[in-house]
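Notes follow the structure.
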Amino acid sequence: MAEDKDFNDALEEIFLSENTLRNESYKEGYRAGCDAGSPEGYHLGYHRGAEIGREIGYYFGIVTNHLDNNNKSDVQLSDKVVQQLEKVQKLIEDFPRTNSEQHDILALLETNCHMVEFFNEQHWEKLLPKALRQTLDDWDLNYSVEKFWTYASEKNNNDDCELRKWVHKAQAHSLTVNNEYCISIEKLQEHVNSWGGVMPPEIKVKEFMTSKKSYEVQRMSRFVASLYNATKSTHCLEAGGGKGHLLVALTLGYNIPSLTVDCDRKALKNASERVRSIQKKWRAIAKKVINGNEECADGNTNSDIHRFATAFVTKDTDVSKVVKDAFPEHFGEDMKILLTGLHTCGNLGPDSLRIFAAQPSTGALFNVPCCYHLLTEEVDAGLFDVFQRDYGSVARPEHGFPMSEYLRGYNLGRNARMLAAQSIDRVVHHRQFPSKSLLYRALFQLIVKRHKPGYIMGVGKLKKMKLERFGDYFVAADRALGVGLCDVLPDGFLAEVSKDAELHWRRVVLFYLLRLCLAQVVEGVVLLDRLLYLMENGFERAFLVRLFEPVLSPRCHSIVAVR
């Protein structure tokens, strides 16, 4: 006999039948997709692996043959050639022959995890490789963190340790200077010299900007000036120039007609007044740096070659017209613009590249991107470009990622982009722990989900809440969001949770550091996508340049291209 069913349950099943059918269909389709996709993925990986193996084997045979013949031949290769051959041989011998299933560093990215959901989504248990998790569970917090600092700093360390393997594998997937597509500033100087440029002395401005900004302007302005001369440009335009710091050095230090363009009219007005103050004090606050020695900087402080224009820059902005409008005395002349930007936020970086690719009036590009979390992707249907919202038109802009055809259809997700904006170099250098509020926020999220599962709480609404004790944090957060949990939780509940907070703290800290290793991986994907875009559009002289020291300026890479 069939089991008796409550009338309300039966009625609910009828009302929810469409939803139930949809969920079952989704699960069936997902299983079918996995069954079909796994063999395809396997065969693709198999054949690509075979191609790579064949190529590596070919070069290994050549190298080994040369070394063997050198030992037998009367005509000996030079020591330098032998060293290079032995280096290549060792690199090939060290190339991994198998895939380790214990070290899938992409698992954290694929789930687009957020620290707020650390407990709810069981990040520690579900996202970390089993062997790594077991290793860390056997160590206390201080020992684990000391090991992390060591492995993150010592790239040649060969400890047979799961933590070391994780950290170093993440580093192996990050951008490094190879002087091919990612080059050093010394290599950039060689290229600029070969293009006809001359490297001028650095200009150091000691006031009116922070020490970090002063360092960035000192390092970057010299290279922009040399590229300007090498490409015989007529003007320099900085997109999103804000306070105009970079162009102060270009105009007063290197006498380059320059235009700061920004969408914030008030910021530009303040910048213009600041520039006039700098002009008056230029000889007192600016120094020319030659071989490490500082001298008084020259400069035409009465010149009017640093100008400002209010515009929301998109890929459709006619930069030649913008420059001509700002410099009407040059209206009849041919324009050749060096398009630059020191930390172009969000979609402004990609749009700067699109302008350079599409407009022949731009002769060179020197762009330092930042704020990857403000990029837009196809998956961001519910998000918006804050600059487009506040200053742009109603027209939908092109997405900031991906730019290249090669990565078309690939998405990172907002949490991964937010991660890319963080700095592991600075954290390791200063040995910084995350704020305790990270733990408290995740615990608060867990309690809300369990006791008020229907309550929708967005990420990032409690960033400014810095309290030492979890009980105080919970009460303040509950009041700020109006959740109303303090009135319904049993007495002693918060005290019980607070007792276990220190036990949870160890895992939160370690997961935070492990996740941080992937920041440089995601940033590398974003930057390589932009470089690929330029190469797909025919720009052979395009490079990523490690311009700054990452501890001083975490967004340390620039994109340099010449038409």
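Chain lettering (A, B, ...) mirrors the order of the structure tokens, residue numbering begins at 1 for each chain separately, and ligand numbering begins at 1 in order of display.
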
Practice task
Pick out the residues sitting within 12 Å of range 84-90 of chain A, and hand them over as a list in words; count only C-alpha atoms, and ignore anything fewer than 5 positions along from it in its own chain.
Solution key: Ile56, Gly57, Tyr58, Tyr59, Phe60, Gly61, Ile62, Val63, Thr64, Asn65, His66, Leu67, Asp68, Asn70, Leu77, Ser78, Asp79, Phe95 and Pro96 of chain A

Identify, on the basis of only C-alpha atoms, every residue whose closest approach to Thr150 in chain A does not exceed 12 Å; exclude the query and any residue fewer than 4 positions from it along the same chain; express the result as a short mmCIF file (atom, residue, chain, number, x, y, z; two decimals) with all heavy atoms, in the first residue's frame.
data_model
loop_
_atom_site.label_atom_id
_atom_site.label_comp_id
_atom_site.auth_asym_id
_atom_site.auth_seq_id
_atom_site.Cartn_x
_atom_site.Cartn_y
_atom_site.Cartn_z
N TYR A 143 54.71 27.45 12.82
CA TYR A 143 55.61 26.63 12.00
C TYR A 143 55.18 26.68 10.53
O TYR A 143 56.01 26.82 9.62
CB TYR A 143 55.63 25.20 12.50
CG TYR A 143 56.61 24.30 11.78
CD1 TYR A 143 57.96 24.32 12.11
CD2 TYR A 143 56.18 23.44 10.76
CE1 TYR A 143 58.87 23.51 11.43
CE2 TYR A 143 57.07 22.63 10.09
CZ TYR A 143 58.41 22.67 10.43
OH TYR A 143 59.31 21.85 9.77
N SER A 144 53.87 26.56 10.28
CA SER A 144 53.35 26.58 8.91
C SER A 144 53.67 27.89 8.20
O SER A 144 54.11 27.91 7.05
CB SER A 144 51.83 26.37 8.91
OG SER A 144 51.48 25.16 9.53
N VAL A 145 53.44 29.00 8.92
CA VAL A 145 53.66 30.30 8.31
C VAL A 145 55.14 30.55 8.05
O VAL A 145 55.52 31.10 7.00
CB VAL A 145 53.06 31.42 9.19
CG1 VAL A 145 53.46 32.78 8.68
CG2 VAL A 145 51.55 31.30 9.24
N GLU A 146 56.00 30.15 8.97
CA GLU A 146 57.45 30.30 8.76
C GLU A 146 57.90 29.52 7.53
O GLU A 146 58.72 29.99 6.74
CB GLU A 146 58.22 29.84 9.99
CG GLU A 146 58.20 30.83 11.14
CD GLU A 146 58.76 32.19 10.76
OE1 GLU A 146 59.78 32.24 10.03
OE2 GLU A 146 58.16 33.21 11.16
N GLU A 154 62.46 31.62 -1.21
CA GLU A 154 63.59 30.83 -1.72
C GLU A 154 63.13 29.97 -2.88
O GLU A 154 62.67 28.83 -2.71
CB GLU A 154 64.17 29.96 -0.61
CG GLU A 154 64.72 30.76 0.57
CD GLU A 154 65.22 29.86 1.70
OE1 GLU A 154 65.19 28.61 1.54
OE2 GLU A 154 65.65 30.40 2.73
N LYS A 155 63.29 30.49 -4.09
CA LYS A 155 62.80 29.77 -5.27
C LYS A 155 63.64 28.55 -5.61
O LYS A 155 63.19 27.67 -6.36
CB LYS A 155 62.75 30.72 -6.47
CG LYS A 155 61.75 31.84 -6.28
CD LYS A 155 61.60 32.70 -7.52
CE LYS A 155 60.54 33.78 -7.30
NZ LYS A 155 60.33 34.62 -8.50
N ASN A 156 64.85 28.47 -5.07
CA ASN A 156 65.72 27.33 -5.34
C ASN A 156 65.65 26.26 -4.25
O ASN A 156 66.38 25.28 -4.29
CB ASN A 156 67.17 27.78 -5.51
CG ASN A 156 67.36 28.67 -6.73
OD1 ASN A 156 66.72 28.45 -7.77
ND2 ASN A 156 68.21 29.68 -6.63
N ASN A 157 64.78 26.46 -3.27
CA ASN A 157 64.63 25.47 -2.20
C ASN A 157 64.01 24.19 -2.78
O ASN A 157 63.05 24.25 -3.55
CB ASN A 157 63.71 26.04 -1.11
CG ASN A 157 63.69 25.17 0.13
OD1 ASN A 157 63.30 24.01 0.09
ND2 ASN A 157 64.10 25.75 1.26
N ASN A 158 64.58 23.04 -2.43
CA ASN A 158 64.12 21.76 -3.00
C ASN A 158 63.58 20.81 -1.94
O ASN A 158 63.61 19.59 -2.12
CB ASN A 158 65.26 21.09 -3.77
CG ASN A 158 65.60 21.82 -5.05
OD1 ASN A 158 64.72 22.21 -5.81
ND2 ASN A 158 66.89 22.04 -5.28
N ASP A 159 63.07 21.33 -0.83
CA ASP A 159 62.50 20.47 0.21
C ASP A 159 61.41 19.58 -0.39
O ASP A 159 60.59 20.04 -1.19
CB ASP A 159 61.89 21.31 1.33
CG ASP A 159 62.95 21.92 2.23
OD1 ASP A 159 64.14 21.68 1.98
OD2 ASP A 159 62.56 22.66 3.17
N LEU A 163 53.85 21.75 0.85
CA LEU A 163 53.69 23.20 0.85
C LEU A 163 54.66 23.85 -0.13
O LEU A 163 54.29 24.74 -0.89
CB LEU A 163 53.89 23.77 2.26
CG LEU A 163 53.81 25.30 2.38
CD1 LEU A 163 52.46 25.82 1.92
CD2 LEU A 163 54.09 25.73 3.83
N ARG A 164 55.90 23.38 -0.11
CA ARG A 164 56.91 23.93 -1.03
C ARG A 164 56.49 23.68 -2.49
O ARG A 164 56.61 24.56 -3.35
CB ARG A 164 58.26 23.28 -0.73
CG ARG A 164 59.47 24.01 -1.32
CD ARG A 164 59.82 23.61 -2.74
NE ARG A 164 59.98 22.20 -2.88
CZ ARG A 164 60.03 21.57 -4.05
NH1 ARG A 164 59.88 22.26 -5.18
NH2 ARG A 164 60.16 20.27 -4.12
N VAL A 167 53.62 26.19 -3.46
CA VAL A 167 54.09 27.57 -3.63
C VAL A 167 54.90 27.71 -4.91
O VAL A 167 54.71 28.65 -5.70
CB VAL A 167 54.91 28.02 -2.41
CG1 VAL A 167 55.53 29.40 -2.65
CG2 VAL A 167 54.04 28.06 -1.16
N HIS A 168 55.80 26.77 -5.14
CA HIS A 168 56.69 26.87 -6.30
C HIS A 168 55.95 26.58 -7.61
O HIS A 168 56.32 27.11 -8.66
CB HIS A 168 57.89 25.94 -6.13
CG HIS A 168 58.88 26.46 -5.14
ND1 HIS A 168 60.10 25.87 -4.89
CD2 HIS A 168 58.84 27.55 -4.32
CE1 HIS A 168 60.75 26.55 -3.97
NE2 HIS A 168 60.00 27.58 -3.61
N VAL A 428 54.68 38.82 1.61
CA VAL A 428 55.84 38.01 2.00
C VAL A 428 56.96 38.89 2.53
O VAL A 428 57.60 38.56 3.54
CB VAL A 428 56.33 37.17 0.80
CG1 VAL A 428 57.66 36.49 1.12
CG2 VAL A 428 55.28 36.12 0.44
N HIS A 429 57.19 40.02 1.87
CA HIS A 429 58.28 40.92 2.30
C HIS A 429 58.06 41.43 3.72
O HIS A 429 58.98 41.46 4.54
CB HIS A 429 58.39 42.09 1.34
CG HIS A 429 59.46 43.09 1.71
ND1 HIS A 429 60.80 42.88 1.43
CD2 HIS A 429 59.39 44.29 2.34
CE1 HIS A 429 61.51 43.90 1.88
NE2 HIS A 429 60.68 44.77 2.43
N ARG A 431 55.84 40.09 5.80
CA ARG A 431 55.32 38.99 6.62
C ARG A 431 53.99 39.38 7.27
O ARG A 431 53.82 39.31 8.49
CB ARG A 431 56.35 38.54 7.66
CG ARG A 431 57.66 38.09 7.01
CD ARG A 431 58.51 37.27 7.93
NE ARG A 431 59.58 36.58 7.19
CZ ARG A 431 60.27 35.55 7.64
NH1 ARG A 431 60.02 35.08 8.84
NH2 ARG A 431 61.21 34.99 6.90
#

Practice task
Run DSSP on the backbone of this structure and report the residues of range 57-225 of chain A it assigns to helix (DSSP H, G or I), as an NGL selection string.
Solution key: :A and (57-72 or 79-94 or 107-110 or 115-117 or 123-127 or 130-137 or 141-153 or 162-172 or 185-194 or 211-225)

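Among the candidates A:Leu467, A:Ala170, A:Met403, A:Val322, the residue lying nearest to Glu378 in chain A is A:Met403 (atoms considered: only C-alpha atoms).
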
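With only C-alpha atoms as the atoms that count, the minimum distance from Ser435 in chain A to the choices A:Phe493, A:Phe474, A:Tyr512, A:Phe548 is reached by A:Tyr512.
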
Exercise for the section: Report as JSON, numbers by chain: the residues of range 357-446 of chain A with a DSSP assignment of strand (DSSP E or B), based on the backbone of this structure. Expected result: {"A": [362, 363, 364, 365, 366, 367, 368, 369, 370]}

For the residues in the current selection, export all heavy atoms as a PDB file, in the first residue's frame.
ATOM      1  N   THR A 362      48.354  57.256 -33.164  1.00  0.00           N
ATOM      2  CA  THR A 362      49.107  56.834 -31.981  1.00  0.00           C
ATOM      3  C   THR A 362      50.339  56.064 -32.448  1.00  0.00           C
ATOM      4  O   THR A 362      50.232  55.011 -33.075  1.00  0.00           O
ATOM      5  CB  THR A 362      48.249  55.944 -31.066  1.00  0.00           C
ATOM      6  OG1 THR A 362      47.721  54.842 -31.820  1.00  0.00           O
ATOM      7  CG2 THR A 362      47.098  56.740 -30.481  1.00  0.00           C
ATOM      8  N   GLY A 363      51.508  56.608 -32.125  1.00  0.00           N
ATOM      9  CA  GLY A 363      52.757  55.990 -32.585  1.00  0.00           C
ATOM     10  C   GLY A 363      53.342  54.995 -31.608  1.00  0.00           C
ATOM     11  O   GLY A 363      54.123  54.122 -31.985  1.00  0.00           O
ATOM     12  N   ALA A 364      52.980  55.131 -30.324  1.00  0.00           N
ATOM     13  CA  ALA A 364      53.545  54.237 -29.309  1.00  0.00           C
ATOM     14  C   ALA A 364      52.587  54.135 -28.130  1.00  0.00           C
ATOM     15  O   ALA A 364      51.731  55.016 -27.917  1.00  0.00           O
ATOM     16  CB  ALA A 364      54.908  54.742 -28.842  1.00  0.00           C
ATOM     17  N   LEU A 365      52.746  53.079 -27.374  1.00  0.00           N
ATOM     18  CA  LEU A 365      51.908  52.804 -26.204  1.00  0.00           C
ATOM     19  C   LEU A 365      52.805  52.471 -25.023  1.00  0.00           C
ATOM     20  O   LEU A 365      53.751  51.684 -25.153  1.00  0.00           O
ATOM     21  CB  LEU A 365      50.976  51.623 -26.492  1.00  0.00           C
ATOM     22  CG  LEU A 365      50.140  51.106 -25.319  1.00  0.00           C
ATOM     23  CD1 LEU A 365      48.915  51.998 -25.124  1.00  0.00           C
ATOM     24  CD2 LEU A 365      49.692  49.664 -25.568  1.00  0.00           C
ATOM     25  N   PHE A 366      52.515  53.089 -23.866  1.00  0.00           N
ATOM     26  CA  PHE A 366      53.244  52.757 -22.630  1.00  0.00           C
ATOM     27  C   PHE A 366      52.216  52.771 -21.500  1.00  0.00           C
ATOM     28  O   PHE A 366      51.889  53.808 -20.960  1.00  0.00           O
ATOM     29  CB  PHE A 366      54.345  53.785 -22.369  1.00  0.00           C
ATOM     30  CG  PHE A 366      55.469  53.270 -21.505  1.00  0.00           C
ATOM     31  CD1 PHE A 366      56.781  53.332 -21.935  1.00  0.00           C
ATOM     32  CD2 PHE A 366      55.222  52.710 -20.262  1.00  0.00           C
ATOM     33  CE1 PHE A 366      57.829  52.858 -21.153  1.00  0.00           C
ATOM     34  CE2 PHE A 366      56.250  52.222 -19.470  1.00  0.00           C
ATOM     35  CZ  PHE A 366      57.556  52.297 -19.921  1.00  0.00           C
ATOM     36  N   ASN A 367      51.708  51.597 -21.171  1.00  0.00           N
ATOM     37  CA  ASN A 367      50.554  51.499 -20.278  1.00  0.00           C
ATOM     38  C   ASN A 367      50.856  50.606 -19.082  1.00  0.00           C
ATOM     39  O   ASN A 367      51.356  49.495 -19.236  1.00  0.00           O
ATOM     40  CB  ASN A 367      49.359  50.933 -21.071  1.00  0.00           C
ATOM     41  CG  ASN A 367      48.090  50.867 -20.248  1.00  0.00           C
ATOM     42  OD1 ASN A 367      47.859  49.903 -19.538  1.00  0.00           O
ATOM     43  ND2 ASN A 367      47.270  51.897 -20.357  1.00  0.00           N
ATOM     44  N   VAL A 368      50.535  51.110 -17.895  1.00  0.00           N
ATOM     45  CA  VAL A 368      50.638  50.319 -16.661  1.00  0.00           C
ATOM     46  C   VAL A 368      49.223  50.095 -16.141  1.00  0.00           C
ATOM     47  O   VAL A 368      48.575  51.040 -15.696  1.00  0.00           O
ATOM     48  CB  VAL A 368      51.489  51.027 -15.591  1.00  0.00           C
ATOM     49  CG1 VAL A 368      51.559  50.171 -14.325  1.00  0.00           C
ATOM     50  CG2 VAL A 368      52.889  51.308 -16.116  1.00  0.00           C
ATOM     51  N   PRO A 369      48.703  48.860 -16.193  1.00  0.00           N
ATOM     52  CA  PRO A 369      47.319  48.612 -15.775  1.00  0.00           C
ATOM     53  C   PRO A 369      47.192  48.383 -14.273  1.00  0.00           C
ATOM     54  O   PRO A 369      48.173  48.115 -13.575  1.00  0.00           O
ATOM     55  CB  PRO A 369      46.963  47.337 -16.544  1.00  0.00           C
ATOM     56  CG  PRO A 369      48.261  46.609 -16.679  1.00  0.00           C
ATOM     57  CD  PRO A 369      49.342  47.661 -16.761  1.00  0.00           C
ATOM     58  N   CYS A 370      45.969  48.474 -13.785  1.00  0.00           N
ATOM     59  CA  CYS A 370      45.684  48.148 -12.379  1.00  0.00           C
ATOM     60  C   CYS A 370      44.185  47.903 -12.230  1.00  0.00           C
ATOM     61  O   CYS A 370      43.442  47.937 -13.205  1.00  0.00           O
ATOM     62  CB  CYS A 370      46.139  49.258 -11.433  1.00  0.00           C
ATOM     63  SG  CYS A 370      45.070  50.716 -11.425  1.00  0.00           S
TER      64      CYS A 370
END

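Of note, CA of His191 in chain A and CA of Tyr228 in chain A are spaced 13.2 Å apart.
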
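If you measure from each of A:Gly241, A:Leu227, A:Thr210, A:Pro257 to Ser194 in chain A using only C-alpha atoms, the closest one turns out to be A:Leu227.
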
Practice task
Within 12 Å of Leu250 in chain A, counting only C-alpha atoms, which residues show up once you throw out same-chain ones fewer than 3 positions away? Write them as number ranges by chain, please.
Solution key: A: 200-205, 217-229, 235-238, 244-247, 253-260, 299-300, 305-307, 338, 340

Practice task
Name all residues at most 8 Å from range 515-524 of chain A (count only C-alpha atoms; drop same-chain ones fewer than 5 positions away) and give them as a PyMOL selection string.
Solution key: chain A and resi 105+108-109+167+170-171+173-175+416-417+419-424

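As for CA of Glu549 in chain A and CA of Asn193 in chain A, they are spaced 22.7 Å apart.
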
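Of note, CA of Ser404 in chain A and CA of Arg530 in chain A are spaced 6.7 Å apart.
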
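Considering only C-alpha atoms, the residue among A:Lys147, A:Lys287, A:Arg555, A:Lys436 positioned nearest to Leu342 in chain A is A:Arg555.
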
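With distances restricted to only C-alpha atoms, A:Leu438 is the closest residue to Trp505 in chain A from A:Leu136, A:Ala249, A:Ala271, A:Leu438.
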
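Using only C-alpha atoms, the shortest contact distance between Gly240 in chain A and any of A:Lys206, A:Gly346, A:Lys280, A:Glu398 is found at A:Gly346.
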